[in-house]
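Participant: Supplied in C-alpha cells, the structure appears directly below.
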Amino acid sequence: MSATYLESLNAAQGSAVTHGDGPLLIVAGAGTGKTKTLACRVAHLLASGVPAERILLLTFTRRAAAEMIRRASDMSAGARTADGRATGPVARVWGGTFHAVANRLLRIYGPAIGLAQEFTVCDQSDAADLMNMIREQLGVAKGKRRFPKKNTLVAIYSRSVSAGEKLGDVLRRHYPWCLEDLDGIREIFQHYTVRKRAQQVLDYDDLLLYWRVLATESPAAGEVRNRFEHILVDEYQDTNTVQCDILRAMRADKANISVVGDDAQSIYSFRAATIRNILDFPEHFPGATVVKLEQNYRSTQPILAASNAVMAEAAERYTKDLWSDRTAGQKPILAHCWDEQAQCEMVCENIVKHLEEGVALQQQAVLFRAGHHSDMLEVELARRNIPFHKYGGLKFIESAHIKDMLALLRILENPHDEISWFRVLLLLEGIGPKSARRLIDALVAPGASPLARMLDDPPKPPPAGKAGFAALGDMLRVCSGLAPAGVEEEETSSGPTVAAQVESVRRFYDPIFQKNYDNATMRLRDIEQLEQIAAGYRSRRSFLADLTLDPPTSTSDLAQPPYLDDDYLILSTIHSAKGCEWQAVHVLHAADGMIPSDMAVGDQAGVEEERRLLYVAMTRAKDWLYVYFPLRYYHRKSPFGDAHSYAQLSRYITDPVRKHFDERALIVPEDEETTGHRGSAKSVDDLLRDLWE
DNA sequence: GGCATGTGTATTTTT
DNA sequence: TACACATGCC
C-alpha cells in the first residue's frame with residue numbers, strides 16, 4: 001500500500017500516525033500540525049483496514065470534526081459533495097463533540113438505561129429557566145435578597161456534576177458568597193434532577209452522565225464499548241472528569257485510544273475541564289506511548305518568540321520547546337491607541353492594507369476576550385462596507401424569538417417538556433405565570449399524553465386567554481398531522497415535513513412576534529434562517545437536537561447578505577478561535593480588565609488561564625500579529641460629558657515580552673492635543689491612581 | 001391574575 | 001444596555 005500522505009510528515013508526526021494498537025498521547029504545541037496528524041491517523045487506520053464506522057473521532061466542535069474527516073477523505077482519495085463534505089466510506093466515521101455523540105448513542109441505546117426515545121435536549125438557558133421555575137415553586141428564595149440567580153444556579157450545578165465535586169466544596173471553592181444558601185440550593189438541585197427525569201429532558205451534563213452509565217453499568221455496556229475499535233480525541237486538555245471516565249469505560253476492553261492536546265492551551269476550566277486528564281493520561285491508560293510535536297509550521301519565528309515570552313512567565317513552566325524554521329518575518333506589533341474608536345480605525349486600516357497587498361479577508365481575524373468587545377468594531381466595519389462573520393458571543397439560538405419558535409416545536413417533539421410549555425403559554429395574550437402553571441399541571445397529569453390531552457380534552461384557559469389558547473391547539477393539531485391520540489410517532493410517519501411544521505409554527509407565531517418586538521424586521525431574518533435550516537432535515541427530532549448541540553455560531557447581523565458568499569473577515573472570541581489559524585491576526589483590548597478579564601482574576605488559577613488565553617490568541621497568527629491597546633475607555637453609565645478612565649496594558653505584556661514587539665505610538669487626536677494626556681499609558685495611569693488610592 | 005411602567009443592577013468564555 | 005424585579009392599575 002503506497003501511502004503518499006506519510007511522506008509529508010515529520011518524524012514525530014509520522015510515528016504518531018503509524019502508531020499501532022494501544023494508548024497514544026500526542027502532546028502537540030500550537031501550530032505543530034495537530035489536525036493534519038489526527039486526520040492522517042484516521043486515513044491511516046482506514047488504509048489499514050479498520051472499518052470507518054468502527055472509528056470514533058471526538059472533537060471540540062462539529063466544525064473541527066468535519067474538517068478532519070474532510071482531510072482524511074482527501075488523503076484516502078475519497079469523494080466529496082459540492083459543499084465539501086466527505087462522502088464514501090470516510091463519511092461513516094463517527095465524528096463530533098462528546099455531546100453530539102452521546103446524543104446519537106442514547107437514541108440507539110437509551111432503552112437500556114430506561115431513557116425514553118423522544119427525550120429532548122435542553123441548553124443552558126432552558127436549564128436556567130427550569131431552575132428558576134423550581135426556585136419560585138419552592139419559595140426557597142423568598143425574603144432573601146441575595147439568593148443566587150438562575151444562571152448562577154446552573155453554573156454551580158454544572159460545575160459540581162462535571163467535576164464530580166461535592167456541592168459544598170464547589171461553593172466553598174468557587175462561590176463562597178453562596179455558602180449561606182447551601183440548603184436552599186441543594187433542595188433546588190434535588191427537584192431539578194427529578195423534574196428533568198420526569199419530563200424526559202436531558203441537559204448537557206446529562207448527555208455525558210448517561211453515556212457514562214451506558215458504557216459502565218448498563219446491559220448494553222459491552223455492546224457500546226465494542227462498537228468502536230479506535231477512539232481519537234482532539235483538544236484533550238479541555239476534557240472534564242466525566243469525559244475522562246467515559247473514555248476509560250469505552251476502552252475498558254481494548255485500549256486503542258489516541259488523544260491530542262496541549263496543556264499550554266487549556267482554557268476551559270469554567271466548564272470544569274481539568275488539566276489533570278492530559279497530565280495523568282499515562283496513569284489512566286497504562287502502557288501509553290507519548291509523542292511530542294514541537295516543530296511549529298504555522299507562525300514565523302518572531303511571532304513564536306513573542307508568544308513563548310508570554311508563556312515563559314507562567315507560574316507553571318511547560319516542557320515544550322516550540323520552534324519554527326520560518327525565521328524571517330515582521331515582528332509582532334503592539335499598537336497603542338488613544339481610545340477604542342482609534343483602535344477600531346487602526347484595525348480597519350491594517351486590515352485594508354493587508355487586503356490590498358493580497359491577503360484575503362478570510363485570511364484575517366480579529367480576536368477578543370468577550371463577545372461584546374467587538375461591538376464598536378462591528379459598527380465601524382459596517383460603515384466601511386467590510387463584510388465579516390462573527391463567531392462566539394451571543395448566538396442566534398439564544399435570542400428570544402428563536403427560543404420561542406423552538407419551544408413551540410419542542411412541545412410537539414416531547415409533550416412532557418414543561419419548560420417549553422411554560423414559555424409557549426406565556427406568549428399567549430391573557431395568560432400569565434399563574435394560569436400557565438395551572439394549565440401545565442392539568443396537561444401533564446398522569447394518563448394520556450399531554451399533547452393528546454391538549455388536542456382532545458384541553459383544560460380551560462382564563463377567559464382573556466381563550467382565543468390564543470384555541471389557536472395554539474389548532475396549530476399543534478396541524479403540525480402533528482391531525483393524528484389522534486398517541487401522536488409521538490416516528491419520523492417515518494406521513495405527517496407534515498419539518499419545513500412545513502416550522503412554517504405552521506411561524507404563521508401562528510407571527511402576530512405574537514409582531515406585537516412583542518419592535519425591531520421585528522431584524523429578527524425576521526433569523527426566523528427565515530431557521531426555516532432554511534429546517535428545510536435540510538427529514539426529522540424534527542434531529543433538527544431540534546442538532547440545533548441544541550451544534551448551534552450556528554456565526555452571526556453577521558450588520559454585514560450585507562450579498563457579500564456573505566464572498567470574502568469576509570473573521571471576528572471571533574478567543575475561545576472560539578481555538579484550533580484556527582489566519583495569516584493576519586488582530587488581538588483587541590490588550591488591557592488589564594479585558595485580558596485578563598476582570599471576572600477571572602479572583603484567584604491564581606484564573607490569572608494563569610487568562611495568560612494561556614492570550615497565548616492561544618497570539619499563536620493563531622501565521623505571518624502578521626497585531627496586539628492593540630486602547631488607552632482610554634469611556635463609560636456608558638453617564639450620558640453627560642466624556643466620563644472615562646485610563647487603562648493599563650495587559651499584565652502579561654511585561655517589559656521582557658515587549659521587547660519582542662515593534663511598538664506603534666499613541667496617536668493623539670488633533671482636538672485632544674492640548675489636553676496634555678501624552679506619554680506612555682503607564683505614567684498617566686499611575687498618576688491617576690495616585691489620586692484615588 | 002395580567003400587564004404596563006418604572007427602577008435598579010451586573011456585565012466572560014461554551015457544549 | 002438589557003434584563004430582572006417591584007409597583008400599581010385594570
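Ligands are numbered from 1 in the order shown, chains are lettered A, B, ... in the order of the C-alpha cells, and residues start at 1 in each chain.
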Enumerate as a VMD selection string the residues belonging to chain C that approach chain A to within 12 Å, with only C-alpha atoms (C1' of nucleotides) taken into account.
Facilitator: chain C and resid 1 3 to 5
Participant: Once DSSP has gone over the backbone, tell me which residues of range 36-95 of chain A are in strand (DSSP E or B), as a ChimeraX atom specification.
Facilitator: /A:55-59,80,86,94-95
Participant: Keeping only N, CA and C atoms, take the residues you just selected and write them out as a PDB file, in the first residue's frame.
Facilitator:
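Final output, again_22.pdb:
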ATOM      1  N   ILE A  55     -14.558   3.655  13.854  1.00  0.00           N
ATOM      2  CA  ILE A  55     -13.671   4.724  14.315  1.00  0.00           C
ATOM      3  C   ILE A  55     -14.510   5.842  14.920  1.00  0.00           C
ATOM      4  N   LEU A  56     -14.124   6.283  16.108  1.00  0.00           N
ATOM      5  CA  LEU A  56     -14.818   7.389  16.776  1.00  0.00           C
ATOM      6  C   LEU A  56     -13.842   8.542  16.942  1.00  0.00           C
ATOM      7  N   LEU A  57     -14.224   9.689  16.392  1.00  0.00           N
ATOM      8  CA  LEU A  57     -13.363  10.865  16.431  1.00  0.00           C
ATOM      9  C   LEU A  57     -14.054  11.960  17.230  1.00  0.00           C
ATOM     10  N   LEU A  58     -13.553  12.227  18.427  1.00  0.00           N
ATOM     11  CA  LEU A  58     -14.189  13.202  19.303  1.00  0.00           C
ATOM     12  C   LEU A  58     -13.450  14.529  19.246  1.00  0.00           C
ATOM     13  N   THR A  59     -14.184  15.568  18.929  1.00  0.00           N
ATOM     14  CA  THR A  59     -13.569  16.885  18.800  1.00  0.00           C
ATOM     15  C   THR A  59     -14.330  17.881  19.654  1.00  0.00           C
ATOM     16  N   ARG A  80     -16.104  13.937  -2.536  1.00  0.00           N
ATOM     17  CA  ARG A  80     -16.711  14.999  -1.731  1.00  0.00           C
ATOM     18  C   ARG A  80     -17.965  15.508  -2.395  1.00  0.00           C
ATOM     19  N   ALA A  86     -17.369  15.097   3.116  1.00  0.00           N
ATOM     20  CA  ALA A  86     -16.846  13.825   2.629  1.00  0.00           C
ATOM     21  C   ALA A  86     -17.996  12.874   2.344  1.00  0.00           C
ATOM     22  N   TRP A  94     -17.511   7.943  12.838  1.00  0.00           N
ATOM     23  CA  TRP A  94     -18.309   8.668  13.822  1.00  0.00           C
ATOM     24  C   TRP A  94     -17.517   9.875  14.292  1.00  0.00           C
ATOM     25  N   GLY A  95     -17.954  11.072  13.930  1.00  0.00           N
ATOM     26  CA  GLY A  95     -17.217  12.260  14.337  1.00  0.00           C
ATOM     27  C   GLY A  95     -18.134  13.275  14.980  1.00  0.00           C
TER      28      GLY A  95
END
Participant: DSSP on the backbone: what in range 320-432 of chain A comes out helix (DSSP H, G or I), as a PyMOL selection string?
Facilitator: chain A and resi 340-356+361-363+371-383+396-398+400-413+418-427
Participant: By how many Å are CA of Gln137 in chain A and CA of Val201 in chain A apart?
Facilitator: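 Value for the CA of Gln137 in chain A-CA of Val201 in chain A distance: 19.1 Å.
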Participant: Output the contact residues of chain A with respect to chain B at a cut-off of 7 Å, based on only C-alpha atoms (C1' of nucleotides), as a VMD selection string.
Facilitator: chain A and resid 99 204 370 430 432 549 575 599
Participant: Find the residues near range 361-366 of chain A: any atom within 9 Å, counting only C-alpha atoms (C1' of nucleotides), skip ones fewer than 3 places away on the same chain, and give them as number ranges by chain.
Facilitator: A: 347, 351-352, 354-355, 374, 386-388, 567-573, 581-588, 621
Participant: Figure out the distance between CA of Ala665 in chain A and CA of Asp339 in chain A, please, to one decimal in Å.
Facilitator: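 Between CA of Asp339 in chain A and CA of Ala665 in chain A the gap is 12.8 Å.
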